[in-house]
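Engineer: query.cif is the file, holding mmCIF, C-alpha atoms:
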```
data_upload
loop_
_atom_site.label_atom_id
_atom_site.label_comp_id
_atom_site.auth_asym_id
_atom_site.auth_seq_id
_atom_site.Cartn_x
_atom_site.Cartn_y
_atom_site.Cartn_z
CA MET A 1 -23.29 45.44 0.23
CA ASP A 2 -23.55 48.99 -0.96
CA ASP A 3 -27.06 49.02 0.44
CA LEU A 4 -25.62 49.55 3.87
CA THR A 5 -24.00 52.80 2.90
CA SER A 6 -26.62 54.20 0.58
CA PRO A 7 -29.14 56.53 2.21
CA GLY A 8 -32.63 55.18 2.32
CA VAL A 9 -35.56 54.66 4.60
CA PRO A 10 -34.29 52.22 7.21
CA ALA A 11 -37.74 51.61 8.64
CA ALA A 12 -38.87 50.15 5.35
CA ARG A 13 -36.52 47.22 5.80
CA PRO A 14 -37.88 44.33 7.85
CA ARG A 15 -36.40 43.86 11.30
CA TRP A 16 -34.33 40.83 10.35
CA ALA A 17 -32.70 42.65 7.51
CA ARG A 18 -31.30 45.49 9.61
CA GLY A 19 -27.59 45.19 9.72
CA ASN A 20 -27.85 42.01 7.68
CA ARG A 21 -25.48 42.31 4.74
CA PHE A 22 -27.02 39.35 2.96
CA ALA A 23 -30.50 40.86 3.07
CA SER A 24 -29.62 42.86 -0.01
CA LEU A 25 -29.53 39.64 -1.97
CA VAL A 26 -33.20 38.90 -1.33
CA LEU A 27 -34.83 42.26 -0.71
CA PRO A 28 -35.96 44.49 -3.60
CA ARG A 29 -33.51 47.25 -4.19
CA ARG A 30 -34.40 50.67 -2.88
CA THR A 31 -33.56 53.62 -5.04
CA GLY A 32 -30.92 55.87 -3.50
CA GLY A 33 -31.83 59.41 -2.53
CA ALA A 34 -29.02 60.97 -4.58
CA GLY A 35 -29.45 58.37 -7.31
CA SER A 36 -28.54 60.15 -10.49
CA ALA A 37 -28.90 58.19 -13.70
CA ALA A 38 -25.13 57.89 -14.06
CA VAL A 39 -24.62 56.44 -10.62
CA ALA A 40 -27.47 54.02 -11.16
CA TRP A 41 -26.00 52.97 -14.49
CA LEU A 42 -22.54 52.46 -13.02
CA ARG A 43 -23.99 50.41 -10.23
CA CYS A 44 -25.93 48.39 -12.73
CA LEU A 45 -22.80 47.78 -14.76
CA ARG A 46 -20.92 46.71 -11.67
CA ARG A 47 -23.64 44.29 -10.76
CA GLY A 48 -23.68 42.89 -14.24
CA LEU A 49 -19.94 42.35 -14.30
CA ALA A 50 -20.08 40.74 -10.90
CA ALA A 51 -22.83 38.40 -12.05
CA VAL A 52 -20.83 37.40 -15.13
CA ALA A 53 -17.78 36.79 -12.94
CA VAL A 54 -19.80 34.67 -10.54
CA VAL A 55 -21.20 32.57 -13.37
CA LEU A 56 -17.75 32.15 -14.92
CA LEU A 57 -16.23 31.19 -11.58
CA GLY A 58 -19.05 28.75 -11.02
CA LEU A 59 -18.44 27.10 -14.36
CA VAL A 60 -14.72 26.84 -13.74
CA GLY A 61 -15.39 25.48 -10.27
CA ALA A 62 -17.83 22.89 -11.57
CA GLY A 63 -15.32 21.88 -14.22
CA ALA A 64 -12.63 21.47 -11.61
CA ALA A 65 -14.94 19.43 -9.40
CA VAL A 66 -15.77 17.12 -12.28
CA ALA A 67 -12.12 16.77 -13.17
CA GLY A 68 -11.01 16.22 -9.59
CA GLU A 69 -13.56 13.85 -8.20
CA ALA A 70 -15.47 11.92 -10.79
CA GLN A 71 -12.48 11.35 -13.02
CA PRO A 72 -11.27 8.02 -11.62
CA LEU A 73 -14.70 6.48 -12.08
CA ALA A 74 -15.28 7.97 -15.49
CA ALA A 75 -11.76 7.19 -16.65
CA ASP A 76 -11.87 3.53 -15.81
CA PRO A 77 -14.96 2.05 -14.19
CA GLU A 78 -13.46 -1.41 -14.60
CA LEU A 79 -10.41 -0.48 -12.56
CA GLU A 80 -12.59 1.12 -9.92
CA ALA A 81 -14.71 -2.01 -9.67
CA ARG A 82 -11.57 -4.07 -9.15
CA VAL A 83 -10.32 -1.64 -6.53
CA MET A 84 -13.57 -1.86 -4.60
CA LYS A 85 -13.70 -5.63 -4.91
CA LEU A 86 -10.21 -5.94 -3.45
CA ALA A 87 -10.90 -3.26 -0.86
CA ALA A 88 -13.86 -5.30 0.36
CA GLU A 89 -11.42 -8.15 1.10
CA LEU A 90 -9.11 -6.01 3.22
CA ARG A 91 -9.61 -5.07 6.82
CA CYS A 92 -9.22 -1.50 7.93
CA LEU A 93 -6.64 -1.57 10.71
CA VAL A 94 -7.94 1.56 12.39
CA CYS A 95 -11.59 0.59 12.61
CA GLN A 96 -11.11 -3.12 12.68
CA ASN A 97 -14.63 -4.26 11.97
CA GLN A 98 -14.79 -2.48 8.66
CA THR A 99 -13.25 -3.22 5.32
CA ILE A 100 -11.17 -0.51 3.71
CA ALA A 101 -13.99 -0.24 1.18
CA ASP A 102 -16.43 0.78 3.94
CA SER A 103 -14.17 2.88 6.07
CA HIS A 104 -13.57 6.60 5.85
CA ALA A 105 -10.52 6.48 8.07
CA GLY A 106 -7.49 8.23 6.63
CA LEU A 107 -5.51 5.01 6.49
CA ALA A 108 -8.33 3.20 4.69
CA ILE A 109 -8.38 5.90 2.02
CA ASP A 110 -4.60 5.70 1.68
CA LEU A 111 -4.74 1.93 1.36
CA ARG A 112 -7.50 2.16 -1.27
CA ASN A 113 -5.31 4.58 -3.21
CA GLN A 114 -2.42 2.17 -2.87
CA VAL A 115 -4.58 -0.66 -4.24
CA ARG A 116 -5.70 1.55 -7.14
CA GLU A 117 -2.15 2.56 -7.94
CA MET A 118 -0.91 -1.01 -7.90
CA LEU A 119 -3.74 -2.22 -10.13
CA ARG A 120 -3.09 0.65 -12.50
CA GLN A 121 0.53 -0.51 -12.71
CA GLY A 122 -0.81 -3.84 -13.92
CA LYS A 123 -0.38 -5.80 -10.70
CA SER A 124 -2.70 -8.77 -10.24
CA ASP A 125 -5.21 -9.08 -7.40
CA LYS A 126 -2.97 -11.70 -5.83
CA GLU A 127 0.03 -9.42 -5.90
CA VAL A 128 -1.91 -6.64 -4.20
CA LEU A 129 -3.11 -8.97 -1.44
CA ALA A 130 0.43 -10.29 -1.03
CA TYR A 131 1.71 -6.74 -0.72
CA MET A 132 -0.80 -5.97 2.01
CA THR A 133 -0.20 -9.17 3.97
CA ALA A 134 3.56 -8.63 3.78
CA ARG A 135 3.04 -5.38 5.64
CA TYR A 136 0.03 -5.92 7.87
CA GLY A 137 -0.08 -9.70 8.22
CA ASP A 138 -2.95 -12.08 7.59
CA PHE A 139 -4.99 -9.84 9.86
CA VAL A 140 -5.78 -7.55 6.92
CA LEU A 141 -7.47 -10.35 5.05
CA TYR A 142 -11.11 -10.83 5.83
CA ARG A 143 -10.71 -14.38 4.55
CA PRO A 144 -7.58 -15.72 6.20
CA PRO A 145 -5.56 -18.20 4.12
CA MET A 146 -5.48 -21.89 4.92
CA LYS A 147 -2.29 -22.81 6.76
CA GLU A 148 -1.20 -24.73 9.87
CA THR A 149 -2.25 -22.00 12.27
CA THR A 150 -5.63 -21.50 10.66
CA VAL A 151 -6.60 -25.12 10.02
CA LEU A 152 -8.72 -25.23 13.16
CA LEU A 153 -10.39 -22.00 12.16
CA TRP A 154 -11.37 -23.34 8.76
CA LEU A 155 -12.13 -26.93 9.72
CA GLY A 156 -13.49 -26.28 13.22
CA PRO A 157 -17.14 -25.89 12.19
CA ALA A 158 -16.95 -28.98 9.98
CA LEU A 159 -15.33 -30.93 12.82
CA LEU A 160 -18.01 -29.83 15.26
CA PHE A 161 -20.68 -30.81 12.77
CA ALA A 162 -19.08 -34.20 12.14
CA GLY A 163 -18.75 -34.76 15.90
CA GLY A 164 -22.41 -33.97 16.36
CA LEU A 165 -23.30 -36.40 13.60
CA VAL A 166 -21.22 -39.15 15.19
CA VAL A 167 -22.86 -38.59 18.57
CA LEU A 168 -26.28 -38.60 16.95
CA VAL A 169 -25.59 -41.85 15.07
CA VAL A 170 -24.16 -43.51 18.18
CA VAL A 171 -27.15 -42.53 20.31
CA LEU A 172 -29.67 -43.54 17.68
CA ARG A 173 -28.04 -46.89 17.00
CA ARG A 174 -27.70 -47.66 20.68
CA ARG A 175 -31.31 -46.82 21.18
CA ALA A 176 -32.40 -48.85 18.18
CA ARG A 177 -30.51 -51.87 19.43
CA ALA A 178 -31.86 -51.63 22.96
CA GLY A 179 -34.88 -53.79 23.57
CA ASP A 180 -38.17 -52.52 24.93
CA GLU A 181 -37.09 -53.51 28.42
CA ALA A 182 -34.41 -50.80 28.30
CA PHE A 183 -37.06 -48.10 28.09
CA GLU A 184 -39.97 -49.40 30.10
CA PRO A 185 -38.72 -50.23 33.58
CA ASP A 186 -37.66 -46.73 34.50
CA PRO A 187 -38.68 -44.00 32.08
CA GLY A 188 -37.28 -41.26 34.37
CA VAL A 189 -33.75 -42.62 34.14
CA ASP A 190 -34.16 -43.02 30.43
CA ASP A 191 -35.13 -39.38 29.95
CA ASP A 192 -32.26 -38.17 32.08
CA GLU A 193 -29.76 -40.29 30.34
CA ARG A 194 -30.65 -39.83 26.72
CA GLY A 195 -31.81 -36.26 26.76
CA PRO A 196 -35.02 -34.68 25.63
CA GLY A 197 -34.73 -36.12 22.11
CA ALA A 198 -35.49 -39.56 23.42
CA ALA A 199 -39.16 -38.89 23.94
CA GLY A 200 -39.75 -37.16 20.63
CA GLN A 201 -37.73 -39.49 18.46
CA PRO A 202 -40.10 -42.42 17.96
CA SER A 203 -43.11 -40.26 17.17
CA ARG A 204 -41.34 -38.47 14.29
CA MET B 1 -16.71 -46.73 17.46
CA ASN B 2 -20.08 -47.34 19.02
CA GLN B 3 -19.09 -50.94 19.49
CA ALA B 4 -16.44 -49.89 21.92
CA THR B 5 -18.67 -47.63 23.97
CA THR B 6 -21.64 -49.98 24.18
CA PRO B 7 -20.66 -53.13 26.03
CA GLY B 8 -24.32 -53.94 26.59
CA ALA B 9 -23.46 -56.90 28.85
CA SER B 10 -24.37 -55.63 32.32
CA PRO B 11 -26.76 -52.70 32.01
CA ALA B 12 -26.50 -51.24 35.51
CA LYS B 13 -22.80 -50.28 35.82
CA PRO B 14 -22.16 -48.83 32.34
CA ALA B 15 -25.28 -46.75 32.66
CA ALA B 16 -23.94 -45.12 35.81
CA ARG B 17 -20.56 -44.51 34.19
CA SER B 18 -22.04 -43.05 31.02
CA ARG B 19 -24.18 -40.73 33.09
CA LEU B 20 -21.04 -39.41 34.72
CA TRP B 21 -19.56 -38.84 31.27
CA ILE B 22 -22.59 -36.93 30.18
CA PHE B 23 -22.00 -34.51 33.03
CA LEU B 24 -18.25 -34.31 32.46
CA ILE B 25 -18.27 -33.64 28.73
CA PRO B 26 -20.07 -30.28 28.87
CA LEU B 27 -17.98 -29.34 31.89
CA ALA B 28 -14.77 -30.12 30.03
CA ALA B 29 -16.04 -28.30 26.96
CA PHE B 30 -16.87 -25.30 29.09
CA ALA B 31 -13.42 -25.34 30.70
CA VAL B 32 -11.71 -25.39 27.29
CA LEU B 33 -13.96 -22.63 26.00
CA ALA B 34 -13.38 -20.53 29.13
CA VAL B 35 -9.60 -20.84 28.77
CA PHE B 36 -9.74 -19.79 25.11
CA LEU B 37 -12.13 -16.90 25.67
CA GLY B 38 -10.25 -15.76 28.76
CA ARG B 39 -7.05 -15.66 26.73
CA GLY B 40 -8.84 -13.81 23.96
CA LEU B 41 -10.15 -11.21 26.37
CA SER B 42 -6.70 -10.47 27.70
CA LEU B 43 -5.28 -9.82 24.23
CA ASN B 44 -5.23 -6.34 22.83
CA PRO B 45 -6.95 -6.41 19.43
CA ARG B 46 -5.18 -3.18 18.47
CA GLU B 47 -1.85 -4.92 18.57
CA VAL B 48 -1.59 -6.66 15.27
CA PRO B 49 1.57 -8.75 15.13
CA SER B 50 3.83 -7.30 12.48
CA PRO B 51 4.97 -9.66 9.74
CA LEU B 52 8.00 -7.39 9.33
CA ILE B 53 9.75 -8.72 12.44
CA GLY B 54 12.81 -10.66 11.33
CA LYS B 55 12.56 -9.29 7.79
CA PRO B 56 14.66 -6.62 6.09
CA ALA B 57 13.43 -3.13 6.83
CA PRO B 58 11.52 -1.55 3.94
CA THR B 59 13.65 0.79 1.88
CA PHE B 60 12.80 4.44 1.43
CA THR B 61 14.01 7.76 0.15
CA LEU B 62 12.61 10.70 2.05
CA THR B 63 13.38 14.35 2.51
CA ARG B 64 14.43 15.78 5.82
CA LEU B 65 11.71 17.44 7.85
CA ASN B 66 13.61 20.68 8.19
CA ASP B 67 14.93 20.69 4.64
CA ALA B 68 12.81 19.61 1.70
CA ALA B 69 15.87 19.72 -0.55
CA THR B 70 18.03 17.04 1.07
CA SER B 71 16.88 13.48 0.95
CA VAL B 72 17.90 10.51 3.05
CA LYS B 73 18.03 6.92 1.81
CA SER B 74 17.41 3.96 4.04
CA ALA B 75 20.77 2.61 2.86
CA ASP B 76 22.45 5.52 4.67
CA LEU B 77 21.40 3.92 7.95
CA GLN B 78 22.77 0.50 7.09
CA GLY B 79 25.37 -0.85 9.48
CA LYS B 80 24.08 0.65 12.69
CA VAL B 81 21.40 -0.14 15.19
CA TRP B 82 18.67 2.46 15.06
CA VAL B 83 15.18 3.20 16.28
CA LEU B 84 12.42 4.42 14.01
CA ASN B 85 9.71 6.44 15.72
CA VAL B 86 6.64 7.30 13.65
CA TRP B 87 4.88 10.39 14.91
CA ALA B 88 2.76 13.39 13.90
CA SER B 89 2.00 16.74 15.45
CA TRP B 90 -1.75 16.01 15.21
CA CYS B 91 -1.34 12.83 17.23
CA GLY B 92 -2.20 13.12 20.92
CA PRO B 93 -0.53 9.94 22.19
CA CYS B 94 2.70 11.06 20.46
CA ARG B 95 2.74 14.00 22.83
CA ASP B 96 2.41 11.58 25.76
CA GLU B 97 5.39 9.48 24.77
CA HIS B 98 7.57 12.33 23.57
CA PRO B 99 9.20 13.20 26.93
CA LEU B 100 10.37 9.59 27.18
CA TRP B 101 12.18 9.87 23.87
CA VAL B 102 13.70 13.22 24.77
CA GLU B 103 15.00 11.70 27.96
CA PHE B 104 16.13 8.53 26.18
CA ALA B 105 18.04 10.52 23.58
CA ARG B 106 19.94 12.25 26.37
CA ARG B 107 21.35 9.04 27.82
CA SER B 108 21.62 6.75 24.79
CA LYS B 109 23.88 6.78 21.76
CA VAL B 110 21.42 4.83 19.61
CA PRO B 111 20.06 7.19 16.98
CA ILE B 112 16.32 7.72 16.93
CA VAL B 113 15.03 8.48 13.47
CA GLY B 114 11.75 10.34 13.50
CA LEU B 115 9.30 9.60 10.72
CA ASN B 116 6.88 12.49 10.55
CA TYR B 117 3.65 10.97 9.27
CA LYS B 118 1.05 12.84 7.18
CA ASP B 119 1.87 16.13 8.79
CA GLN B 120 2.62 19.72 7.85
CA ARG B 121 6.30 20.58 7.99
CA ALA B 122 5.66 23.83 9.85
CA ASN B 123 3.47 22.19 12.48
CA ALA B 124 5.94 19.39 12.99
CA LEU B 125 8.94 21.70 13.34
CA ASN B 126 7.01 23.88 15.74
CA TRP B 127 6.11 20.80 17.78
CA LEU B 128 9.77 19.77 18.03
CA ARG B 129 10.77 23.29 19.03
CA GLN B 130 8.23 23.31 21.83
CA LEU B 131 8.62 19.78 23.18
CA GLY B 132 12.26 19.07 22.41
CA ASP B 133 13.86 17.20 19.54
CA PRO B 134 15.14 13.72 20.43
CA TYR B 135 15.69 12.71 16.82
CA ALA B 136 19.07 12.16 15.23
CA MET B 137 17.24 12.99 12.03
CA SER B 138 13.64 13.69 11.14
CA LEU B 139 12.20 12.44 7.89
CA PHE B 140 9.07 13.77 6.28
CA ASP B 141 6.43 11.34 4.99
CA GLY B 142 3.72 13.74 3.93
CA ASP B 143 1.50 11.31 2.03
CA GLY B 144 2.14 8.39 4.38
CA LYS B 145 3.36 6.09 1.59
CA VAL B 146 6.55 5.04 3.36
CA ALA B 147 4.55 4.43 6.53
CA ILE B 148 2.30 2.04 4.60
CA ASP B 149 5.44 0.21 3.49
CA TRP B 150 6.34 -0.18 7.14
CA GLY B 151 2.86 -1.45 7.97
CA VAL B 152 2.08 1.57 10.12
CA TYR B 153 -1.57 1.83 11.07
CA GLY B 154 -1.64 3.80 14.29
CA VAL B 155 0.82 6.51 15.24
CA PRO B 156 2.90 6.54 17.31
CA GLU B 157 4.75 3.40 16.31
CA THR B 158 8.28 2.39 17.15
CA PHE B 159 10.62 -0.01 15.38
CA VAL B 160 14.07 -1.30 16.25
CA ILE B 161 16.35 -2.13 13.32
CA ASP B 162 19.63 -3.99 13.73
CA ARG B 163 23.02 -3.61 12.01
CA GLN B 164 22.01 -5.93 9.20
CA GLY B 165 18.94 -3.83 8.52
CA ILE B 166 16.53 -6.39 9.94
CA VAL B 167 13.45 -5.21 11.84
CA ARG B 168 13.75 -6.70 15.32
CA PHE B 169 10.94 -5.12 17.27
CA LYS B 170 7.77 -3.14 16.80
CA HIS B 171 5.58 -1.36 19.27
CA VAL B 172 2.23 0.16 18.34
CA GLY B 173 0.97 3.06 20.41
CA PRO B 174 2.84 5.30 22.81
CA VAL B 175 5.84 3.72 24.49
CA THR B 176 5.64 3.55 28.26
CA PRO B 177 8.58 3.49 30.67
CA GLU B 178 7.94 -0.27 30.96
CA VAL B 179 8.18 -0.85 27.20
CA LEU B 180 11.18 1.42 26.81
CA GLY B 181 13.11 0.19 29.83
CA GLY B 182 11.90 -3.40 29.81
CA LYS B 183 11.93 -4.26 26.12
CA ILE B 184 13.54 -1.68 23.88
CA GLU B 185 16.63 -0.84 25.91
CA PRO B 186 17.62 -4.45 26.70
CA LEU B 187 17.16 -5.28 23.02
CA LEU B 188 19.31 -2.32 21.95
CA LYS B 189 21.98 -3.36 24.42
CA SER B 190 22.05 -6.91 23.09
CA LEU B 191 22.16 -5.67 19.49
CA ASP B 192 24.81 -3.07 20.14
CA GLY B 193 27.04 -5.13 22.41
#
```
Once more with this new file: its structure as structure tokens, please.
Structural biologist:
Amino acid sequence: MDDLTSPGVPAARPRWARGNRFASLVLPRRTGGAGSAAVAWLRCLRRGLAAVAVVLLGLVGAGAAVAGEAQPLAADPELEARVMKLAAELRCLVCQNQTIADSHAGLAIDLRNQVREMLRQGKSDKEVLAYMTARYGDFVLYRPPMKETTVLLWLGPALLFAGGLVVLVVVLRRRARAGDEAFEPDPGVDDDERGPGAAGQPSR
Amino acid sequence: MNQATTPGASPAKPAARSRLWIFLIPLAAFAVLAVFLGRGLSLNPREVPSPLIGKPAPTFTLTRLNDAATSVKSADLQGKVWVLNVWASWCGPCRDEHPLWVEFARRSKVPIVGLNYKDQRANALNWLRQLGDPYAMSLFDGDGKVAIDWGVYGVPETFVIDRQGIVRFKHVGPVTPEVLGGKIEPLLKSLDG
């Protein structure tokens, strides 16, 4: 900083450094024209003090960062694992296709903190999920509970599968019972009627 | 089951009928699917039905927006019909709906309680000074904890609470003249009358 005011040979500084206050941090120091030993010493002392201050501040800052951010993890990794496990079950209501574990939305962070706080108070996973559903409905749960309104949701795929099986069995049995005459007189009708599986079935 | 569908006696007629079925089943399935998907498309996924409707309003103790020293309890509001409007000065849609509330406050006796959500007091007070203050009282929820209790996920949100302290209505997002005049006001009238 004081480089800007001290007399020197401006041309000696590279172009980019002219008027650049930060250049003094990288460029070698030029000796001042009026640089008496005392002034140089004072300047040196000032620099030294500043450096010590910077280092001290840095240490304090690093300490604060450690205390502020990493503490929850370091303090109780088990709790944090539970928080994240529960958070992965809960839908973020702002960005609805993310869990509150994935989301960086403000509300997701608040809800994660809420989960952490409740677990720290000794609440069970169930109690936390109940708390969330009491406020945001089943919609917050990525795995909706089984009840009358969600029976179709849970059993639908199984029902479809069972229906497909029934149709398959019916078709196969009907075909097995039909004599050769059912297939031979008009193969075109047969294909139309029984679908493309009819041709491939016997060869398999 | 297959016994019933395979008479097997006269092959010509059942074959024709079953062919008709084979065309009708996918058609029917498509119609059902189209109805369901069409209904799904017309729903707004942002509007999550609140489980709070018909339940007692969550309790709270909050400080007033303009005075960090005085606090208000939810019990103080018991016995009257009131509207809770969750808002913040950083929230754009809140600005859109605000004139409606200012106008509503002028012609209605129902108190509107403003819940200032995750805001700075100074910003919020400034906002009210500039745009008008429709609120019978403004409460300050700086960390958003009370809002979580109310299931708030997108400001602005509006609740109607009846004399018994039961939540009767919730609207997510800015109120429109249609919502205010068509839903909220008739409800308030029926609750107040």
Engineer: Any chance you could work out the residue set of the PyMOL selection byres ((chain B) within 8 of (chain A)) here, as a list in words?
Structural biologist: Asn2, Thr6, Arg19, Ile22, Val48, Pro49, Ser50, Pro51, Leu52, Gly144, Lys145, Ile148, Asp149, Trp150, Gly151, Tyr153 and Gly154 of chain B
Engineer: On this structure, the PyMOL selection byres ((chain B and resi 54) around 9) would catch which residues? List them as a PyMOL selection string, sorted by chain and number.
Structural biologist: chain B and resi 51-53+55-57+166-169
Engineer: Of the candidates B:Leu84, B:Ala69, B:Ala29, B:Leu62, which one gets nearest to Leu160 of chain A if we count all atoms listed in the file?
Structural biologist: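 Nearest to Leu160 of chain A: B:Ala29.
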Engineer: Can you spell out as a PyMOL selection string the set of residues that the PyMOL selection byres ((chain B and resi 105) around 12) selects in the structure I just provided?
Structural biologist: chain B and resi 82-83+98-104+106-114+132-137+180+185
Engineer: Counting all atoms listed in the file, figure out which residue out of B:Leu187, B:Ala88, B:Val175, B:Ala147 gets nearest to Leu128 of chain B.
Structural biologist: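 For Leu128 of chain B, the nearest of the candidates is B:Ala88.
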Engineer: Would you work out the distance separating atom CA of Leu90 of chain A from atom CA of Val128 of chain A, expressed in Å to one decimal?
Structural biologist: 10.4 Å
Engineer: Quick one: distance from atom CA of His104 of chain A to atom CA of Arg116 of chain A in Å, one decimal?
Structural biologist: 16.0 Å
Engineer: Hey, can I get the axis-aligned box for segment 121-131 of chain B? All listed atoms, 5 Å padding on each side, centre and edge lengths in Å to one decimal, as JSON.
Structural biologist:
```
{"center_x": 7.1, "center_y": 21.6, "center_z": 15.6, "size_x": 17.3, "size_y": 14.5, "size_z": 25.2}
```
Engineer: Please compute the atom CA of Ala124 of chain B-atom CA of Val172 of chain B distance, one decimal, in Å.
Structural biologist: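 Between atom CA of Ala124 of chain B and atom CA of Val172 of chain B the gap works out to 20.3 Å.
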Engineer: Within 12 Å of Asp67 of chain B, counting all atoms listed in the file, which residues qualify if same-chain residues fewer than 5 places away don't, as a list of chain:residue names?
Structural biologist: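 After dropping sequence-adjacent residues, the list is B:Leu62, B:Val72, B:Arg121, B:Ala122, B:Leu125, B:Met137, B:Ser138, B:Leu139, B:Phe140.
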Engineer: Can you write out the residues you just picked, keeping C-alpha atoms, as a PDB file, keeping the file's coordinate frame?
Structural biologist:
```
ATOM      1  CA  LEU B  62      12.610  10.700   2.050  1.00  0.00           C
ATOM      2  CA  VAL B  72      17.900  10.510   3.050  1.00  0.00           C
ATOM      3  CA  ARG B 121       6.300  20.580   7.990  1.00  0.00           C
ATOM      4  CA  ALA B 122       5.660  23.830   9.850  1.00  0.00           C
ATOM      5  CA  LEU B 125       8.940  21.700  13.340  1.00  0.00           C
ATOM      6  CA  MET B 137      17.240  12.990  12.030  1.00  0.00           C
ATOM      7  CA  SER B 138      13.640  13.690  11.140  1.00  0.00           C
ATOM      8  CA  LEU B 139      12.200  12.440   7.890  1.00  0.00           C
ATOM      9  CA  PHE B 140       9.070  13.770   6.280  1.00  0.00           C
TER      10      PHE B 140
END
```
